[in-house]
file start-v9.cif (mmCIF, C-alpha atoms)
data_input
loop_
_atom_site.group_PDB
_atom_site.id
_atom_site.type_symbol
_atom_site.label_atom_id
_atom_site.label_comp_id
_atom_site.auth_asym_id
_atom_site.auth_seq_id
_atom_site.Cartn_x
_atom_site.Cartn_y
_atom_site.Cartn_z
ATOM 1 C CA MET E 1041 225.474 36.575 -5.348
ATOM 2 C CA ALA E 1042 225.155 38.951 -2.404
ATOM 3 C CA LEU E 1043 221.458 39.277 -3.128
ATOM 4 C CA PHE E 1044 220.951 35.676 -2.066
ATOM 5 C CA ARG E 1045 222.801 36.206 1.190
ATOM 6 C CA ASN E 1046 220.389 38.907 2.231
ATOM 7 C CA SER E 1047 217.602 37.575 4.477
ATOM 8 C CA LEU E 1048 215.108 40.041 2.949
ATOM 9 C CA THR E 1049 215.340 38.179 -0.367
ATOM 10 C CA TYR E 1050 214.033 35.049 1.373
ATOM 11 C CA VAL E 1051 211.232 37.046 2.973
ATOM 12 C CA TRP E 1052 210.273 38.257 -0.520
ATOM 13 C CA LEU E 1053 210.356 34.693 -1.889
ATOM 14 C CA PHE E 1054 208.095 33.556 0.946
ATOM 15 C CA LEU E 1055 205.674 36.430 0.265
ATOM 16 C CA VAL E 1056 205.514 35.654 -3.465
ATOM 17 C CA GLY E 1057 205.052 31.933 -2.715
ATOM 18 C CA THR E 1058 202.184 32.539 -0.293
ATOM 19 C CA THR E 1059 200.583 34.928 -2.809
ATOM 20 C CA LEU E 1060 200.530 32.098 -5.357
ATOM 21 C CA VAL E 1061 199.158 29.628 -2.786
ATOM 22 C CA SER E 1062 196.321 31.991 -1.853
ATOM 23 C CA TRP E 1063 195.573 32.519 -5.564
ATOM 24 C CA TRP E 1064 195.301 28.754 -6.022
ATOM 25 C CA LEU E 1065 193.084 28.541 -2.930
ATOM 26 C CA GLY E 1066 190.688 31.276 -4.042
ATOM 27 C CA ALA E 1067 190.787 30.622 -7.796
ATOM 28 C CA THR E 1068 187.458 31.209 -9.493
ATOM 29 C CA THR E 1069 186.318 30.185 -12.947
ATOM 30 C CA ALA E 1070 185.951 32.808 -15.680
ATOM 31 C CA VAL E 1071 182.702 34.728 -15.765
ATOM 32 C CA ALA E 1072 181.729 33.045 -19.022
ATOM 33 C CA ASP E 1073 181.209 29.702 -17.314
ATOM 34 C CA ILE E 1074 180.043 30.536 -13.836
ATOM 35 C CA ASP E 1075 179.097 27.345 -12.083
ATOM 36 C CA ALA E 1076 177.092 26.858 -8.917
ATOM 37 C CA SER E 1077 180.072 26.179 -6.686
ATOM 38 C CA ALA E 1078 181.777 29.407 -7.746
ATOM 39 C CA LEU E 1079 178.729 31.334 -6.587
ATOM 40 C CA SER E 1080 178.564 30.000 -3.061
ATOM 41 C CA LEU E 1081 180.254 31.147 0.120
ATOM 42 C CA ASN E 1082 183.054 28.897 1.310
ATOM 43 C CA PHE E 1083 184.000 29.474 4.934
ATOM 44 C CA THR E 1084 187.045 27.179 4.936
ATOM 45 C CA VAL E 1085 188.599 28.746 1.832
ATOM 46 C CA THR E 1086 187.835 32.231 3.174
ATOM 47 C CA VAL E 1087 189.495 31.546 6.538
ATOM 48 C CA GLY E 1088 192.551 30.126 4.728
ATOM 49 C CA ILE E 1089 192.838 33.200 2.497
ATOM 50 C CA ILE E 1090 192.443 35.621 5.418
ATOM 51 C CA LEU E 1091 195.047 33.781 7.511
ATOM 52 C CA ILE E 1092 197.543 33.764 4.615
ATOM 53 C CA ALA E 1093 196.976 37.517 4.122
ATOM 54 C CA VAL E 1094 197.536 38.132 7.851
ATOM 55 C CA VAL E 1095 200.766 36.089 7.877
ATOM 56 C CA LYS E 1096 202.001 37.976 4.791
ATOM 57 C CA THR E 1097 201.133 41.304 6.408
ATOM 58 C CA ARG E 1098 203.056 40.343 9.548
ATOM 59 C CA PHE E 1099 206.105 39.456 7.465
ATOM 60 C CA VAL E 1100 205.981 42.892 5.816
ATOM 61 C CA ILE E 1101 205.615 44.644 9.186
ATOM 62 C CA TRP E 1102 208.243 42.505 10.898
ATOM 63 C CA HIS E 1103 210.957 42.358 8.240
ATOM 64 C CA PHE E 1104 210.423 45.193 5.733
ATOM 65 C CA MET E 1105 209.230 47.770 8.285
ATOM 66 C CA GLU E 1106 211.790 46.335 10.740
ATOM 67 C CA VAL E 1107 209.341 46.274 13.629
ATOM 68 C CA ARG E 1108 211.018 43.090 14.888
ATOM 69 C CA HIS E 1109 213.918 45.292 16.024
ATOM 70 C CA GLY E 1110 211.589 47.930 17.462
ATOM 71 C CA PRO E 1111 210.442 48.565 21.022
ATOM 72 C CA SER E 1112 208.009 46.109 22.570
ATOM 73 C CA TRP E 1113 205.058 48.553 22.565
ATOM 74 C CA LEU E 1114 205.347 48.873 18.776
ATOM 75 C CA ARG E 1115 205.562 45.108 18.305
ATOM 76 C CA TRP E 1116 202.540 44.597 20.545
ATOM 77 C CA THR E 1117 200.540 47.329 18.805
ATOM 78 C CA CYS E 1118 201.180 45.803 15.380
ATOM 79 C CA ASP E 1119 200.459 42.241 16.497
ATOM 80 C CA SER E 1120 197.299 43.258 18.371
ATOM 81 C CA TRP E 1121 196.026 45.090 15.312
ATOM 82 C CA LEU E 1122 196.691 42.050 13.110
ATOM 83 C CA ALA E 1123 194.966 39.675 15.541
ATOM 84 C CA PHE E 1124 191.997 42.038 15.798
ATOM 85 C CA LEU E 1125 191.760 42.340 12.009
ATOM 86 C CA ALA E 1126 191.788 38.568 11.474
ATOM 87 C CA VAL E 1127 189.237 37.816 14.201
ATOM 88 C CA MET E 1128 186.971 40.688 13.128
ATOM 89 C CA VAL E 1129 186.871 39.841 9.424
ATOM 90 C CA ILE E 1130 186.350 36.115 10.064
ATOM 91 C CA ALA E 1131 183.696 36.741 12.758
ATOM 92 C CA LEU E 1132 181.741 39.260 10.631
ATOM 93 C CA TYR E 1133 181.888 36.951 7.632
ATOM 94 C CA ARG E 1134 180.678 34.011 9.710
ATOM 95 C CA TYR E 1135 177.971 36.039 11.466
ATOM 96 C CA SER E 1136 176.521 37.394 8.250
ATOM 97 C CA MET E 1137 176.544 34.070 6.363
ATOM 98 C CA MET S 917 220.656 46.516 -12.666
ATOM 99 C CA LEU S 918 220.329 44.555 -9.469
ATOM 100 C CA SER S 919 223.325 42.382 -10.189
ATOM 101 C CA GLY S 920 225.214 45.597 -10.882
ATOM 102 C CA GLY S 921 224.356 46.750 -7.387
ATOM 103 C CA GLY S 922 225.172 43.344 -5.930
ATOM 104 C CA ALA S 923 228.727 44.232 -4.985
ATOM 105 C CA ALA S 924 227.582 47.223 -3.016
ATOM 106 C CA ILE S 925 224.805 45.224 -1.357
ATOM 107 C CA GLU S 926 227.498 42.750 -0.337
ATOM 108 C CA ARG S 927 229.169 45.483 1.691
ATOM 109 C CA VAL S 928 225.981 45.916 3.676
ATOM 110 C CA PRO S 929 226.148 43.522 6.597
ATOM 111 C CA ASP S 930 223.086 41.373 7.074
ATOM 112 C CA PHE S 931 220.685 43.208 9.319
ATOM 113 C CA GLU S 932 220.670 40.390 11.842
ATOM 114 C CA MET S 933 224.428 40.678 12.230
ATOM 115 C CA ALA S 934 224.133 44.423 12.644
ATOM 116 C CA ASP S 935 221.535 43.801 15.316
ATOM 117 C CA GLN S 936 223.827 41.446 17.233
ATOM 118 C CA GLN S 937 226.538 44.080 17.089
ATOM 119 C CA THR S 938 224.253 46.574 18.815
ATOM 120 C CA GLN S 939 223.700 44.139 21.700
ATOM 121 C CA SER S 940 220.117 43.418 20.557
ATOM 122 C CA ARG S 941 219.007 46.809 21.886
ATOM 123 C CA ALA S 942 215.560 47.848 20.576
ATOM 124 C CA ARG S 943 215.916 50.320 17.737
ATOM 125 C CA PHE S 944 212.975 52.441 16.709
ATOM 126 C CA PRO S 945 212.463 52.205 12.939
ATOM 127 C CA GLY S 946 211.846 55.575 11.283
ATOM 128 C CA GLN S 947 210.336 58.607 12.989
ATOM 129 C CA PRO S 948 207.518 58.509 15.588
ATOM 130 C CA ALA S 949 205.317 60.881 13.538
ATOM 131 C CA MET S 950 205.289 58.407 10.642
ATOM 132 C CA TRP S 951 204.199 55.581 12.951
ATOM 133 C CA PHE S 952 201.422 57.768 14.344
ATOM 134 C CA PHE S 953 200.171 58.231 10.780
ATOM 135 C CA VAL S 954 200.664 54.555 9.814
ATOM 136 C CA ILE S 955 198.802 53.170 12.835
ATOM 137 C CA GLY S 956 195.982 55.701 12.375
ATOM 138 C CA ASP S 957 195.671 54.771 8.710
ATOM 139 C CA LEU S 958 195.603 51.058 9.535
ATOM 140 C CA TRP S 959 192.660 51.594 11.888
ATOM 141 C CA ILE S 960 190.755 53.665 9.316
ATOM 142 C CA PHE S 961 191.191 50.877 6.742
ATOM 143 C CA THR S 962 190.179 48.330 9.393
ATOM 144 C CA CYS S 963 186.780 50.077 9.599
ATOM 145 C CA TYR S 964 186.366 49.793 5.808
ATOM 146 C CA PHE S 965 187.363 46.126 5.926
ATOM 147 C CA ALA S 966 184.781 45.494 8.678
ATOM 148 C CA CYS S 967 181.999 47.105 6.597
ATOM 149 C CA TYR S 968 183.068 45.075 3.571
ATOM 150 C CA ALA S 969 183.130 41.763 5.481
ATOM 151 C CA PHE S 970 179.674 42.398 6.911
ATOM 152 C CA ASP S 971 178.046 43.600 3.675
ATOM 153 C CA ARG S 972 179.613 40.761 1.760
ATOM 154 C CA GLY S 973 177.807 38.207 3.892
ATOM 155 C CA GLN S 974 174.527 40.130 3.645
ATOM 156 C CA HIS S 975 174.608 40.305 -0.161
ATOM 157 C CA SER S 976 176.820 37.348 -0.938
ATOM 158 C CA ALA S 977 175.378 36.486 -4.382
ATOM 159 C CA GLY S 978 175.957 39.980 -5.798
ATOM 160 C CA PHE S 979 179.416 40.224 -4.247
ATOM 161 C CA LEU S 980 180.484 36.832 -5.618
ATOM 162 C CA GLN S 981 179.106 37.677 -9.044
ATOM 163 C CA GLY S 982 180.991 40.965 -9.113
ATOM 164 C CA GLN S 983 184.128 39.295 -7.840
ATOM 165 C CA LEU S 984 184.012 36.708 -10.627
ATOM 166 C CA THR S 985 184.395 39.449 -13.226
ATOM 167 C CA LEU S 986 187.727 40.588 -11.738
ATOM 168 C CA SER S 987 190.914 39.222 -13.231
ATOM 169 C CA GLN S 988 192.717 37.435 -10.408
ATOM 170 C CA GLY S 989 195.823 37.218 -12.611
ATOM 171 C CA ILE S 990 196.054 41.029 -12.726
ATOM 172 C CA GLY S 991 195.608 41.131 -8.947
ATOM 173 C CA VAL S 992 198.416 38.603 -8.454
ATOM 174 C CA PHE S 993 200.671 40.512 -10.867
ATOM 175 C CA ASN S 994 200.071 43.772 -8.996
ATOM 176 C CA THR S 995 200.687 42.058 -5.642
ATOM 177 C CA ILE S 996 204.055 40.671 -6.782
ATOM 178 C CA LEU S 997 204.903 44.086 -8.237
ATOM 179 C CA LEU S 998 204.352 45.836 -4.896
ATOM 180 C CA LEU S 999 206.173 43.081 -2.965
ATOM 181 C CA THR S 1000 209.162 43.523 -5.276
ATOM 182 C CA SER S 1001 208.936 47.277 -4.881
ATOM 183 C CA SER S 1002 208.955 46.890 -1.082
ATOM 184 C CA LEU S 1003 212.022 44.642 -1.272
ATOM 185 C CA LEU S 1004 213.893 47.203 -3.393
ATOM 186 C CA VAL S 1005 213.002 50.019 -0.997
ATOM 187 C CA ALA S 1006 214.108 47.870 1.989
ATOM 188 C CA PHE S 1007 217.443 47.286 0.192
ATOM 189 C CA CYS S 1008 217.617 51.047 -0.381
ATOM 190 C CA VAL S 1009 217.376 51.640 3.394
ATOM 191 C CA GLN S 1010 220.190 49.141 4.018
ATOM 192 C CA ALA S 1011 222.372 50.862 1.413
ATOM 193 C CA ALA S 1012 221.611 54.326 2.867
ATOM 194 C CA ARG S 1013 222.685 53.128 6.333
ATOM 195 C CA GLU S 1014 226.015 52.075 4.880
ATOM 196 C CA GLY S 1015 226.402 55.431 3.159
ATOM 197 C CA ALA S 1016 226.143 53.877 -0.330
ATOM 198 C CA THR S 1017 223.836 56.677 -1.476
ATOM 199 C CA ALA S 1018 224.331 56.166 -5.225
ATOM 200 C CA LEU S 1019 223.185 52.543 -4.920
ATOM 201 C CA ALA S 1020 220.364 53.593 -2.576
ATOM 202 C CA ARG S 1021 219.105 56.067 -5.199
ATOM 203 C CA ARG S 1022 219.138 53.406 -7.934
ATOM 204 C CA LEU S 1023 217.217 50.965 -5.738
ATOM 205 C CA LEU S 1024 214.716 53.698 -4.847
ATOM 206 C CA LEU S 1025 214.157 54.527 -8.518
ATOM 207 C CA LEU S 1026 213.517 50.857 -9.294
ATOM 208 C CA GLY S 1027 211.126 50.586 -6.337
ATOM 209 C CA GLY S 1028 209.277 53.722 -7.398
ATOM 210 C CA GLY S 1029 209.192 52.441 -10.992
ATOM 211 C CA CYS S 1030 207.338 49.328 -9.809
ATOM 212 C CA GLY S 1031 204.853 51.658 -8.067
ATOM 213 C CA ILE S 1032 204.238 53.570 -11.306
ATOM 214 C CA VAL S 1033 203.651 50.305 -13.220
ATOM 215 C CA PHE S 1034 201.199 49.295 -10.468
ATOM 216 C CA LEU S 1035 199.236 52.533 -11.013
ATOM 217 C CA LEU S 1036 199.147 52.024 -14.785
ATOM 218 C CA VAL S 1037 197.908 48.432 -14.436
ATOM 219 C CA LYS S 1038 195.270 49.517 -11.908
ATOM 220 C CA ALA S 1039 194.071 52.371 -14.142
ATOM 221 C CA SER S 1040 193.823 49.967 -17.120
ATOM 222 C CA GLU S 1041 191.834 47.549 -14.998
ATOM 223 C CA TRP S 1042 189.384 50.314 -14.033
ATOM 224 C CA TYR S 1043 189.052 51.394 -17.665
ATOM 225 C CA LEU S 1044 188.290 47.834 -18.779
ATOM 226 C CA LYS S 1045 185.769 47.375 -15.966
ATOM 227 C CA ILE S 1046 183.924 50.584 -16.762
ATOM 228 C CA SER S 1047 183.988 50.141 -20.547
ATOM 229 C CA THR S 1048 182.711 46.547 -20.486
ATOM 230 C CA GLY S 1049 179.957 47.356 -17.984
ATOM 231 C CA LEU S 1050 179.266 45.929 -14.561
ATOM 232 C CA PRO S 1051 177.158 42.781 -14.080
ATOM 233 C CA GLU S 1052 173.644 43.294 -12.773
ATOM 234 C CA GLY S 1053 173.181 42.949 -9.027
ATOM 235 C CA SER S 1054 176.837 43.539 -8.192
ATOM 236 C CA ASP S 1055 176.575 47.286 -7.483
ATOM 237 C CA SER S 1056 177.446 46.954 -3.785
ATOM 238 C CA PHE S 1057 180.559 44.965 -4.562
ATOM 239 C CA PHE S 1058 181.772 47.521 -7.081
ATOM 240 C CA VAL S 1059 181.128 50.415 -4.680
ATOM 241 C CA TYR S 1060 183.642 48.734 -2.344
ATOM 242 C CA TYR S 1061 185.918 47.756 -5.232
ATOM 243 C CA PHE S 1062 186.255 51.309 -6.522
ATOM 244 C CA MET S 1063 186.394 52.845 -3.043
ATOM 245 C CA LEU S 1064 189.084 50.513 -1.648
ATOM 246 C CA THR S 1065 191.218 50.381 -4.795
ATOM 247 C CA GLY S 1066 190.708 54.153 -5.302
ATOM 248 C CA LEU S 1067 191.838 54.994 -1.762
ATOM 249 C CA HIS S 1068 194.771 52.655 -2.175
ATOM 250 C CA PHE S 1069 195.619 54.322 -5.511
ATOM 251 C CA LEU S 1070 195.825 57.678 -3.714
ATOM 252 C CA HIS S 1071 198.098 56.089 -1.104
ATOM 253 C CA VAL S 1072 200.420 54.844 -3.866
ATOM 254 C CA CYS S 1073 200.472 58.373 -5.365
ATOM 255 C CA LEU S 1074 201.350 59.890 -1.972
ATOM 256 C CA GLY S 1075 203.939 57.122 -1.511
ATOM 257 C CA LEU S 1076 205.601 58.123 -4.785
ATOM 258 C CA VAL S 1077 205.769 61.750 -3.612
ATOM 259 C CA ILE S 1078 207.367 60.582 -0.354
ATOM 260 C CA LEU S 1079 209.852 58.396 -2.273
ATOM 261 C CA ALA S 1080 210.737 61.474 -4.361
ATOM 262 C CA LEU S 1081 211.495 63.385 -1.132
ATOM 263 C CA VAL S 1082 213.654 60.464 0.046
ATOM 264 C CA PHE S 1083 215.441 60.550 -3.323
ATOM 265 C CA ARG S 1084 216.171 64.245 -2.818
ATOM 266 C CA GLU S 1085 217.559 63.473 0.643
ATOM 267 C CA LEU S 1086 219.816 60.796 -0.856
ATOM 268 C CA LYS S 1087 221.094 63.266 -3.450
ATOM 269 C CA LYS S 1088 222.367 65.721 -0.844
ATOM 270 C CA ALA S 1089 226.066 65.817 -0.156
ATOM 271 C CA GLY S 1090 227.167 64.090 3.034
ATOM 272 C CA PRO S 1091 225.608 61.214 4.945
ATOM 273 C CA PRO S 1092 221.822 60.913 4.520
ATOM 274 C CA HIS S 1093 219.336 61.428 7.333
ATOM 275 C CA VAL S 1094 218.697 57.711 7.852
ATOM 276 C CA ALA S 1095 215.578 58.071 10.037
ATOM 277 C CA PHE S 1096 213.966 60.113 7.234
ATOM 278 C CA VAL S 1097 214.824 57.442 4.649
ATOM 279 C CA GLU S 1098 213.414 54.774 6.989
ATOM 280 C CA SER S 1099 210.201 56.751 7.486
ATOM 281 C CA GLY S 1100 209.677 57.053 3.726
ATOM 282 C CA ALA S 1101 210.268 53.308 3.384
ATOM 283 C CA ILE S 1102 207.811 52.539 6.205
ATOM 284 C CA TYR S 1103 205.082 54.471 4.387
ATOM 285 C CA TRP S 1104 205.859 52.575 1.173
ATOM 286 C CA HIS S 1105 205.601 49.243 3.018
ATOM 287 C CA LEU S 1106 202.248 50.391 4.423
ATOM 288 C CA VAL S 1107 201.028 50.791 0.832
ATOM 289 C CA ASP S 1108 202.227 47.240 0.155
ATOM 290 C CA LEU S 1109 200.596 45.671 3.205
ATOM 291 C CA LEU S 1110 197.267 47.425 2.603
ATOM 292 C CA TRP S 1111 197.246 46.003 -0.905
ATOM 293 C CA ILE S 1112 197.934 42.477 0.435
ATOM 294 C CA ILE S 1113 194.710 42.698 2.471
ATOM 295 C CA ILE S 1114 192.663 44.448 -0.245
ATOM 296 C CA PHE S 1115 193.784 41.848 -2.791
ATOM 297 C CA ALA S 1116 192.677 39.003 -0.495
ATOM 298 C CA LEU S 1117 189.324 40.608 0.326
ATOM 299 C CA LEU S 1118 188.341 41.767 -3.162
ATOM 300 C CA TYR S 1119 189.898 39.185 -5.474
ATOM 301 C CA LEU S 1120 190.179 35.943 -3.524
ATOM 302 C CA LEU S 1121 187.602 35.642 -0.751
ATOM 303 C CA ARG S 1122 184.882 33.061 -1.285
#
call {"tool": "encode", "arguments": {"input": "start-v9.cif", "output": "structure tokens"}}
result
Amino acid sequence: MALFRNSLTYVWLFLVGTTLVSWWLGATTAVADIDASALSLNFTVTVGIILIAVVKTRFVIWHFMEVRHGPSWLRWTCDSWLAFLAVMVIALYRYSM
Amino acid sequence: MLSGGGAAIERVPDFEMADQQTQSRARFPGQPAMWFFVIGDLWIFTCYFACYAFDRGQHSAGFLQGQLTLSQGIGVFNTILLLTSSLLVAFCVQAAREGATALARRLLLLGGGCGIVFLLVKASEWYLKISTGLPEGSDSFFVYYFMLTGLHFLHVCLGLVILALVFRELKKAGPPHVAFVESGAIYWHLVDLLWIIIFALLYLLR
């Protein structure tokens, strides 16, 4: 199967896998039986979910958008934006808790 | 359908091998104008994400309550749909580079089809949300929910128009304009990556 010899297929598998992990991490109970823990902020879970989203985003930029083959200024721009996004969202969340 | 295209995909050398053959020289993906738009759009969304993160902490009870009424399963389904769509469009670019335009068109149609299903699922989700009513005290959350998912919806619509233009390019006789195909694909991947972040912020954050 040529499909399985293409490195992009493995990138896709990784992205689907991390999506499922982040779902498990942030799973909430149904609205019908809201419990106290579901209604509280959880910094650790939040940081985990944000970091997974950032890693997934970098995989899309790097492999699907093919920035990994691009010039260094483009790679730096994309990575700087991602780092800024992660730090900003986590810092604002923490600050406003 | 995919297995049918497998033989043609096999002819496409793995991108890493192709890269080695070009002496690892940096190769600009797509056209500069598309990157100007993509980077600008990313910064605009970053501002929305900053407002959301701040407001969420300020009104955490209402946000969490609103968030609990969302179906995470639908969010996960839509995420996997867009990831699959991105993969198909990335395959389409590889096929276009090799001149396998018929295969590239099929892959593009499948990728675009996933985008249309995404829109239908999203519209159904909105309909269900509005028809069942929003929980009290979660207004702020739903302002962000409808704004972020609505803006993203418009991006998917524009992405489908761009994919249609790429399809037209692939239908022309002769070798396709590869940088144009790459630019269309880059926009489609932008739609995917924005959804990855929106999904995490709206559906999963605690």
call {"tool": "atom_distance", "arguments": {"input": "start-v9.cif", "atom1": "CA of Trp1042 in chain S", "atom2": "CA of Leu1091 in chain E"}}
result
27.7 Å
call {"tool": "interface_residues", "arguments": {"input": "start-v9.cif", "of": "chain E", "to": "chain S", "cutoff": "7 Å", "atoms": "all atoms listed in the file", "output": "number ranges by chain"}}
result
E: 1041-1043, 1046, 1048, 1052, 1056, 1063, 1066-1068, 1070-1071, 1079, 1081-1082, 1085-1086, 1089-1090, 1093, 1097, 1100, 1104-1107, 1109-1111, 1125, 1128-1129, 1132-1133, 1136-1137
call {"tool": "resolve_selection", "arguments": {"input": "start-v9.cif", "expression": "the PyMOL selection byres ((chain S and resi 1065-1078) around 7)", "output": "number ranges by chain"}}
result
S: 1028, 1031, 1035, 1061-1064, 1079-1082, 1100, 1103-1104, 1107
call {"tool": "atom_distance", "arguments": {"input": "start-v9.cif", "atom1": "CA of Ser1062 in chain E", "atom2": "CA of Gly1027 in chain S"}}
result
24.2 Å
call {"tool": "resolve_selection", "arguments": {"input": "start-v9.cif", "expression": "the PyMOL selection byres ((chain S and resi 1018) around 12)", "output": "ChimeraX atom specification"}}
result
/S:921,924-925,1008-1009,1011-1012,1014-1017,1019-1025,1083-1092
call {"tool": "write_last_selection", "arguments": {"input": "start-v9.cif", "atoms": "C-alpha atoms", "output": "mmCIF file, in the frame of the given file"}}
result
data_model
loop_
_atom_site.group_PDB
_atom_site.id
_atom_site.type_symbol
_atom_site.label_atom_id
_atom_site.label_comp_id
_atom_site.auth_asym_id
_atom_site.auth_seq_id
_atom_site.Cartn_x
_atom_site.Cartn_y
_atom_site.Cartn_z
ATOM 1 C CA GLY S 921 224.356 46.750 -7.387
ATOM 2 C CA ALA S 924 227.582 47.223 -3.016
ATOM 3 C CA ILE S 925 224.805 45.224 -1.357
ATOM 4 C CA CYS S 1008 217.617 51.047 -0.381
ATOM 5 C CA VAL S 1009 217.376 51.640 3.394
ATOM 6 C CA ALA S 1011 222.372 50.862 1.413
ATOM 7 C CA ALA S 1012 221.611 54.326 2.867
ATOM 8 C CA GLU S 1014 226.015 52.075 4.880
ATOM 9 C CA GLY S 1015 226.402 55.431 3.159
ATOM 10 C CA ALA S 1016 226.143 53.877 -0.330
ATOM 11 C CA THR S 1017 223.836 56.677 -1.476
ATOM 12 C CA LEU S 1019 223.185 52.543 -4.920
ATOM 13 C CA ALA S 1020 220.364 53.593 -2.576
ATOM 14 C CA ARG S 1021 219.105 56.067 -5.199
ATOM 15 C CA ARG S 1022 219.138 53.406 -7.934
ATOM 16 C CA LEU S 1023 217.217 50.965 -5.738
ATOM 17 C CA LEU S 1024 214.716 53.698 -4.847
ATOM 18 C CA LEU S 1025 214.157 54.527 -8.518
ATOM 19 C CA PHE S 1083 215.441 60.550 -3.323
ATOM 20 C CA ARG S 1084 216.171 64.245 -2.818
ATOM 21 C CA GLU S 1085 217.559 63.473 0.643
ATOM 22 C CA LEU S 1086 219.816 60.796 -0.856
ATOM 23 C CA LYS S 1087 221.094 63.266 -3.450
ATOM 24 C CA LYS S 1088 222.367 65.721 -0.844
ATOM 25 C CA ALA S 1089 226.066 65.817 -0.156
ATOM 26 C CA GLY S 1090 227.167 64.090 3.034
ATOM 27 C CA PRO S 1091 225.608 61.214 4.945
ATOM 28 C CA PRO S 1092 221.822 60.913 4.520
#
call {"tool": "axis_aligned_box", "arguments": {"input": "start-v9.cif", "around": "range 1005-1024 of chain S", "padding_each_side": "4 Å", "output": "lines of an AutoDock Vina configuration file"}}
result
center_x = 219.7
center_y = 52.0
center_z = -0.8
size_x = 21.4
size_y = 17.4
size_z = 22.3
call {"tool": "atom_distance", "arguments": {"input": "start-v9.cif", "atom1": "CA of Glu1041 in chain S", "atom2": "CA of Phe1058 in chain S"}}
result
12.8 Å
call {"tool": "residues_around", "arguments": {"input": "start-v9.cif", "residues": "Cys1118 in chain E", "least_positions_apart": "3", "cutoff": "10 Å", "atoms": "only C-alpha atoms", "output": "PyMOL selection string"}}
result
(chain E and resi 1098+1101-1102+1107+1112-1115+1121-1124) or (chain S and resi 955+958)
call {"tool": "closest_residue", "arguments": {"input": "start-v9.cif", "among": "S:Leu1026, S:Ser1047, S:Gln1010, S:Leu1118", "to": "Ser1047 in chain E", "atoms": "all atoms listed in the file"}}
result
S:Gln1010
